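Novice: Can you read through this structure? Questions will come right after.
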Amino acid sequence: MRVLQIIETLNIGGAENFTVQLSNELCASNEVIVVVTRNSNEHYNFISTLNGKIGLKELKWKKKYSLKQVWHLNKVINDIKPDIIHVHLHNSFYYVFALSILHKKWKIVHTVHNSIEVWKIVQDWVNKLRFLSNSITHVCISKSISADFRKNYPKLKECQINNGIKPFIVTRKKEDLHQFWKEICGTIEPEACIKFLAIGNISRFKNFILLARALKQIEQKYPNVKCAIVGRSVNQNLTDEINSLKSQNLKLMGAFTNAADFLTGADALIISSSEEGMPIVALEALSLSKPIISTPAGGMVDIVSDGYNGFISKDFEIDSYIKTIENYLSLSKSEIEEMQKNAGETFAKNYQIEKISKKYFDLYTNVVEN
């Protein structure tokens, strides 16, 4: 089968990571072409991790919206003649949806990489315009997101397939990982330091201001708790607000490639998002047998079983979030070890990319044949 994956960039991000890993799996027995519509970040991208068998075509678009670019993509797709078109993220989806109105015979799959709230404006228009094109199969990446989708858009085609990855392999040297956490823990001995890691760009969706406020409130009660945030600042106002709290137990570390490497030295992954899909970093944490402390954002309610492989707050309020953090801090050593074991088993059972790619191939086959 000739499979075309379309995405805006291959920058460091969950959807981009998933697209590359899925493509790498599919190319073992299919012809896979990845079309990237805009320029990826020069230093922080996944291009080097693409399998050499995969055809990569970078369109290097300069504009976010352009009629000329619509026709450019139209020509590219017609030249490739794919059996299936798989599109990811907002910007690429706009173009593919517009072209689907003209090409009724195209077979198109669209992965919804986030909660319905994030996609609501887009999907509302797709729903309103379904009389023009309703041939796209939308894939929701968690059960709760799928339920929301069916409730809001019962007349659109939809199915549910979990996100998936390969078990995460650490690439950094042990001394580099040790140095990272030594900087975070400061004068506290590493064995006594309780280490949380948050991964993600500083944006309103990641809601790191909630994390910063919660840590600020518990720093006197739990002086050995330290947290690192790894990610780029894409909202300077939020970054300034976090810094203004002057939390002694929180440090902004900036962007790193393969940020999940640092999970090996962490006690838990901590997530404070207001909106999420099924973040790849959560799957990376599970694959490393790391518990997760999270808000109930998007697919996190499907990933985290409270008290089993982590803890999840009942809402997004600070009191609830602090209680969730303290639930983890109250665990005994044996309880933590059991939770770590459960985290690893959760990954093996539900999120292995080999299993997920098989489900996507079955979906492609069904879409093409029907």
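A note on labels: chains of the structure tokens are A, B, ... as shown, every chain counts residues from 1, and ligands are counted from 1 in their shown order.
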Near Pro154 of chain A, counting only C-alpha atoms, which residues have an atom at most 12 Å away, once you skip same-chain residues fewer than 5 positions from it, shown as a list in words?
Specialist: Gln123, Asp124, Asn127, Arg130, Asn134, His138, Ser146, Ala147, Asp148, Phe149 and Cys159 of chain A
Novice: Those residues with N, CA and C atoms, as an mmCIF file, in the first residue's frame please?
Specialist:
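Below is the file that was written, part.cif:
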data_model
loop_
_atom_site.group_PDB
_atom_site.id
_atom_site.type_symbol
_atom_site.label_atom_id
_atom_site.label_comp_id
_atom_site.auth_asym_id
_atom_site.auth_seq_id
_atom_site.Cartn_x
_atom_site.Cartn_y
_atom_site.Cartn_z
ATOM 1 N N GLN A 123 -13.526 21.405 13.848
ATOM 2 C CA GLN A 123 -14.499 20.341 13.636
ATOM 3 C C GLN A 123 -15.924 20.875 13.480
ATOM 4 N N ASP A 124 -16.221 21.999 14.113
ATOM 5 C CA ASP A 124 -17.544 22.599 13.917
ATOM 6 C C ASP A 124 -17.766 22.942 12.444
ATOM 7 N N ASN A 127 -18.106 19.801 10.381
ATOM 8 C CA ASN A 127 -19.445 19.262 10.582
ATOM 9 C C ASN A 127 -20.491 20.034 9.776
ATOM 10 N N ARG A 130 -20.235 19.213 6.010
ATOM 11 C CA ARG A 130 -20.153 17.800 5.660
ATOM 12 C C ARG A 130 -20.940 17.462 4.395
ATOM 13 N N ASN A 134 -17.786 14.446 3.375
ATOM 14 C CA ASN A 134 -17.878 13.691 4.623
ATOM 15 C C ASN A 134 -17.238 12.313 4.448
ATOM 16 N N HIS A 138 -12.039 10.275 10.945
ATOM 17 C CA HIS A 138 -11.325 10.959 12.022
ATOM 18 C C HIS A 138 -10.967 9.943 13.104
ATOM 19 N N SER A 146 -12.761 10.113 22.067
ATOM 20 C CA SER A 146 -13.670 9.492 21.104
ATOM 21 C C SER A 146 -15.130 9.678 21.529
ATOM 22 N N ALA A 147 -15.403 9.504 22.821
ATOM 23 C CA ALA A 147 -16.771 9.684 23.319
ATOM 24 C C ALA A 147 -17.241 11.118 23.120
ATOM 25 N N ASP A 148 -16.367 12.081 23.389
ATOM 26 C CA ASP A 148 -16.707 13.492 23.174
ATOM 27 C C ASP A 148 -16.973 13.766 21.699
ATOM 28 N N PHE A 149 -16.143 13.191 20.838
ATOM 29 C CA PHE A 149 -16.297 13.404 19.399
ATOM 30 C C PHE A 149 -17.648 12.881 18.916
ATOM 31 N N CYS A 159 -13.290 6.809 14.462
ATOM 32 C CA CYS A 159 -12.919 5.585 15.149
ATOM 33 C C CYS A 159 -11.872 5.931 16.201
#
Novice: If we count only C-alpha atoms and set the cut-off at 10 Å, which residues sit around Arg204 of chain A, ignoring sequence neighbours fewer than 3 positions away in its own chain? Please answer as a ChimeraX atom specification.
Specialist: /A:201,207-209,234-235,238,273-275
Novice: I'd like the neighbourhood of Ser100 of chain A as an MDAnalysis selection string, where a residue qualifies if any of its atoms comes within 12 Å (using only C-alpha atoms), though same-chain residues fewer than 5 positions away should be ignored.
Specialist: chainID A and resid 70 73:74 77 85 87 93:95 105:110 126 129:137
Novice: Pick out the closest residue to Val32 of chain A from this set: A:Lys60, A:His178, A:Lys155, A:His86. Count only C-alpha atoms.
Specialist: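 Counting only C-alpha atoms, the residue closest to Val32 of chain A is A:His86.
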Novice: Would you list, as a ChimeraX atom specification, the residues of segment 110-239 of chain A that end up in helix (DSSP H, G or I) under DSSP run on this structure's backbone?
Specialist: /A:116-128,143-152,174-185,208-218,236-239
Novice: By how many Å are atom CA of Lys173 of chain A and atom CA of Asp261 of chain A apart?
Specialist: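 If I compute the distance from atom CA of Lys173 of chain A to atom CA of Asp261 of chain A, I get 9.4 Å.
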Novice: Smallest atom-to-atom distance to Val20 of chain A: which of A:Ala214, A:Lys157, A:Ser330, A:Asn45, using only C-alpha atoms?
Specialist: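 Comparing A:Ala214, A:Lys157, A:Ser330, A:Asn45 against Val20 of chain A, the winner is A:Asn45.
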Novice: Quick check, in Å to one decimal: how far apart do atom CA of Gly254 of chain A and atom CA of Ala198 of chain A lie?
Specialist: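 Interatomic distance here is 11.3 Å.
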Novice: Might you pull out every residue within 8 Å of Tyr308 of chain A, with only C-alpha atoms counted and same-chain residues fewer than 4 positions away left off, and present them as a list of chain:residue names?
Specialist: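 Using only C-alpha atoms, the neighbours found are A:Val304, A:Met339, A:Asn342, A:Ala343.
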Novice: What does the structure give for the distance between atom CA of Ile353 of chain A and atom CA of Asn114 of chain A, in Å to one decimal?
Specialist: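 Atom-to-atom, atom CA of Ile353 of chain A to atom CA of Asn114 of chain A, that is 18.3 Å.
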Novice: Name the residues in contact with Lys62 of chain A at a cut-off of 10 Å, using only C-alpha atoms, excluding same-chain residues fewer than 5 positions from it; report them as a list in words.
Specialist: Thr37, Arg38, Asn39 and Gln69 of chain A
Novice: Within 6 Å of Glu284 of chain A, counting only C-alpha atoms, which residues show up once you throw out same-chain ones fewer than 3 positions away? Write them as a list in words, please.
Specialist: Phe168, Val281 and Ser287 of chain A
Novice: Write out, as a tab-separated table, each residue of segment 54-133 of chain A that has an atom at most 12 Å from segment 22-26 of chain A, together with the closest pair of atoms and their distance in Å to one decimal, counting only C-alpha atoms, rows going by chain and rising number.
Specialist:
residue	atom	partner	partner_atom	distance
A:Ile54	CA	A:Asn24	CA	7.6
A:Gly55	CA	A:Ser23	CA	10.2
A:Leu56	CA	A:Ser23	CA	10.8
A:His86	CA	A:Ser23	CA	10.4
A:His88	CA	A:Leu22	CA	12.0
A:Thr111	CA	A:Leu22	CA	11.9
Novice: Check the DSSP output for the backbone and give back, as a PyMOL selection string, the residues of segment 127-351 of chain A in strand (DSSP E or B).
Specialist: chain A and resi 137-140+157-160+165+194-199+202+225-230+233+250-254+268-271+292-294+306+310-312
Novice: Restrict the selected residues to N, CA and C atoms and save them as a tab-separated table (two decimals), in the first residue's frame.
Specialist:
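Result file follows (out-v8.tsv):
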chain	number	residue	atom	x	y	z
A	137	THR	N	-12.16	9.89	7.58
A	137	THR	CA	-12.30	9.14	8.82
A	137	THR	C	-11.42	9.79	9.88
A	138	HIS	N	-12.04	10.28	10.94
A	138	HIS	CA	-11.33	10.96	12.02
A	138	HIS	C	-10.97	9.94	13.10
A	139	VAL	N	-9.70	9.90	13.47
A	139	VAL	CA	-9.22	8.94	14.48
A	139	VAL	C	-8.97	9.69	15.79
A	140	CYS	N	-9.67	9.30	16.84
A	140	CYS	CA	-9.46	9.89	18.16
A	140	CYS	C	-8.49	9.01	18.94
A	157	LYS	N	-17.54	10.59	10.34
A	157	LYS	CA	-16.93	9.27	10.48
A	157	LYS	C	-15.82	9.34	11.53
A	158	GLU	N	-15.84	8.36	12.44
A	158	GLU	CA	-14.87	8.39	13.55
A	158	GLU	C	-14.54	6.99	14.01
A	159	CYS	N	-13.29	6.81	14.46
A	159	CYS	CA	-12.92	5.58	15.15
A	159	CYS	C	-11.87	5.93	16.20
A	160	GLN	N	-11.57	4.99	17.07
A	160	GLN	CA	-10.62	5.26	18.16
A	160	GLN	C	-9.43	4.31	18.09
A	165	ILE	N	4.04	4.29	20.86
A	165	ILE	CA	5.45	4.54	20.59
A	165	ILE	C	6.22	3.24	20.84
A	194	ILE	N	13.34	14.24	45.95
A	194	ILE	CA	12.19	13.71	45.23
A	194	ILE	C	12.06	14.51	43.95
A	195	LYS	N	12.26	13.85	42.82
A	195	LYS	CA	12.46	14.55	41.55
A	195	LYS	C	11.25	14.37	40.62
A	196	PHE	N	10.62	15.49	40.28
A	196	PHE	CA	9.53	15.51	39.31
A	196	PHE	C	10.04	16.13	38.01
A	197	LEU	N	9.56	15.63	36.88
A	197	LEU	CA	9.92	16.20	35.58
A	197	LEU	C	8.65	16.54	34.82
A	198	ALA	N	8.59	17.77	34.31
A	198	ALA	CA	7.51	18.21	33.42
A	198	ALA	C	8.13	18.51	32.06
A	199	ILE	N	7.53	18.00	31.00
A	199	ILE	CA	8.06	18.19	29.66
A	199	ILE	C	6.99	18.83	28.78
A	202	ILE	N	6.29	25.97	27.08
A	202	ILE	CA	5.55	26.81	28.02
A	202	ILE	C	4.47	27.57	27.25
A	225	VAL	N	11.32	18.14	47.66
A	225	VAL	CA	10.69	17.99	46.35
A	225	VAL	C	11.26	19.02	45.39
A	226	LYS	N	11.74	18.56	44.24
A	226	LYS	CA	12.27	19.45	43.21
A	226	LYS	C	11.66	19.07	41.86
A	227	CYS	N	11.43	20.07	41.04
A	227	CYS	CA	10.79	19.84	39.74
A	227	CYS	C	11.52	20.61	38.65
A	228	ALA	N	11.76	19.95	37.54
A	228	ALA	CA	12.34	20.59	36.36
A	228	ALA	C	11.30	20.65	35.25
A	229	ILE	N	11.21	21.78	34.58
A	229	ILE	CA	10.38	21.91	33.37
A	229	ILE	C	11.32	21.99	32.18
A	230	VAL	N	11.16	21.06	31.23
A	230	VAL	CA	11.98	21.05	30.02
A	230	VAL	C	11.10	21.39	28.83
A	233	SER	N	10.03	28.23	25.63
A	233	SER	CA	9.04	29.23	25.99
A	233	SER	C	8.40	29.77	24.71
A	250	LEU	N	11.29	24.72	41.82
A	250	LEU	CA	10.97	24.61	40.40
A	250	LEU	C	12.04	25.32	39.58
A	251	LYS	N	12.48	24.68	38.50
A	251	LYS	CA	13.50	25.28	37.64
A	251	LYS	C	13.14	25.09	36.18
A	252	LEU	N	13.16	26.17	35.41
A	252	LEU	CA	12.93	26.11	33.97
A	252	LEU	C	14.27	25.82	33.30
A	253	MET	N	14.34	24.71	32.58
A	253	MET	CA	15.62	24.26	32.02
A	253	MET	C	15.78	24.56	30.53
A	254	GLY	N	14.73	25.05	29.87
A	254	GLY	CA	14.82	25.30	28.44
A	254	GLY	C	14.60	24.03	27.63
A	268	ALA	N	8.86	10.74	39.06
A	268	ALA	CA	7.56	10.73	38.39
A	268	ALA	C	7.51	11.83	37.33
A	269	LEU	N	6.70	11.59	36.32
A	269	LEU	CA	6.35	12.63	35.35
A	269	LEU	C	5.19	13.41	35.94
A	270	ILE	N	5.23	14.73	35.82
A	270	ILE	CA	4.14	15.54	36.34
A	270	ILE	C	3.55	16.39	35.22
A	271	ILE	N	2.23	16.36	35.09
A	271	ILE	CA	1.51	17.04	34.01
A	271	ILE	C	0.45	17.94	34.63
A	292	ILE	N	2.80	8.66	36.86
A	292	ILE	CA	2.40	9.97	36.32
A	292	ILE	C	1.46	10.65	37.30
A	293	ILE	N	1.73	11.92	37.55
A	293	ILE	CA	0.84	12.77	38.36
A	293	ILE	C	0.25	13.79	37.40
A	294	SER	N	-1.08	13.86	37.28
A	294	SER	CA	-1.66	14.66	36.20
A	294	SER	C	-3.01	15.27	36.56
A	306	ASP	N	-6.05	6.21	38.74
A	306	ASP	CA	-5.70	6.84	40.01
A	306	ASP	C	-5.34	5.81	41.07
A	310	GLY	N	-0.31	5.90	38.79
A	310	GLY	CA	-0.09	7.33	39.04
A	310	GLY	C	-1.27	7.90	39.78
A	311	PHE	N	-1.37	9.22	39.74
A	311	PHE	CA	-2.49	9.89	40.39
A	311	PHE	C	-3.04	10.97	39.45
A	312	ILE	N	-4.35	11.15	39.47
A	312	ILE	CA	-4.98	12.15	38.61
A	312	ILE	C	-5.94	12.98	39.44
Novice: Between A:Thr324, A:Ser203, A:Gln179, A:Thr49, which residue has the minimum interatomic distance to Ile218 of chain A, considering only C-alpha atoms?
Specialist: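 Closest to Ile218 of chain A, using only C-alpha atoms: A:Thr324.
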Novice: Given the choices A:Asp176, A:Thr295, A:Glu276, A:Tyr44, which gets closest to Trp119 of chain A if the distance is worked out from only C-alpha atoms?
Specialist: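 Closest residue, counting only C-alpha atoms: A:Glu276.
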Novice: Using only C-alpha atoms for the distances, tell me which of A:Asp267, A:Asp362, A:Glu42, A:Glu175 is nearest to Glu337 of chain A.
Specialist: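 For Glu337 of chain A, the nearest of the candidates is A:Asp267.
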Novice: Which one is closest to Gly164 of chain A: A:Gly52, A:Gly14, A:Gly200, A:Gly344? Count only C-alpha atoms.
Specialist: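 Among A:Gly52, A:Gly14, A:Gly200, A:Gly344, it is A:Gly14 that comes nearest to Gly164 of chain A.
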Novice: List as a list in words the protein and nucleic acid residues near Ile303 of chain A, meaning an atom at most 9 Å away when only C-alpha atoms are counted, but skip any in the same chain fewer than 4 places from it.
Specialist: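 Near neighbours after the sequence-gap exclusion: Ser142, Met278, Ala282, Leu283, Gly299, Asn309 and Thr346 of chain A.
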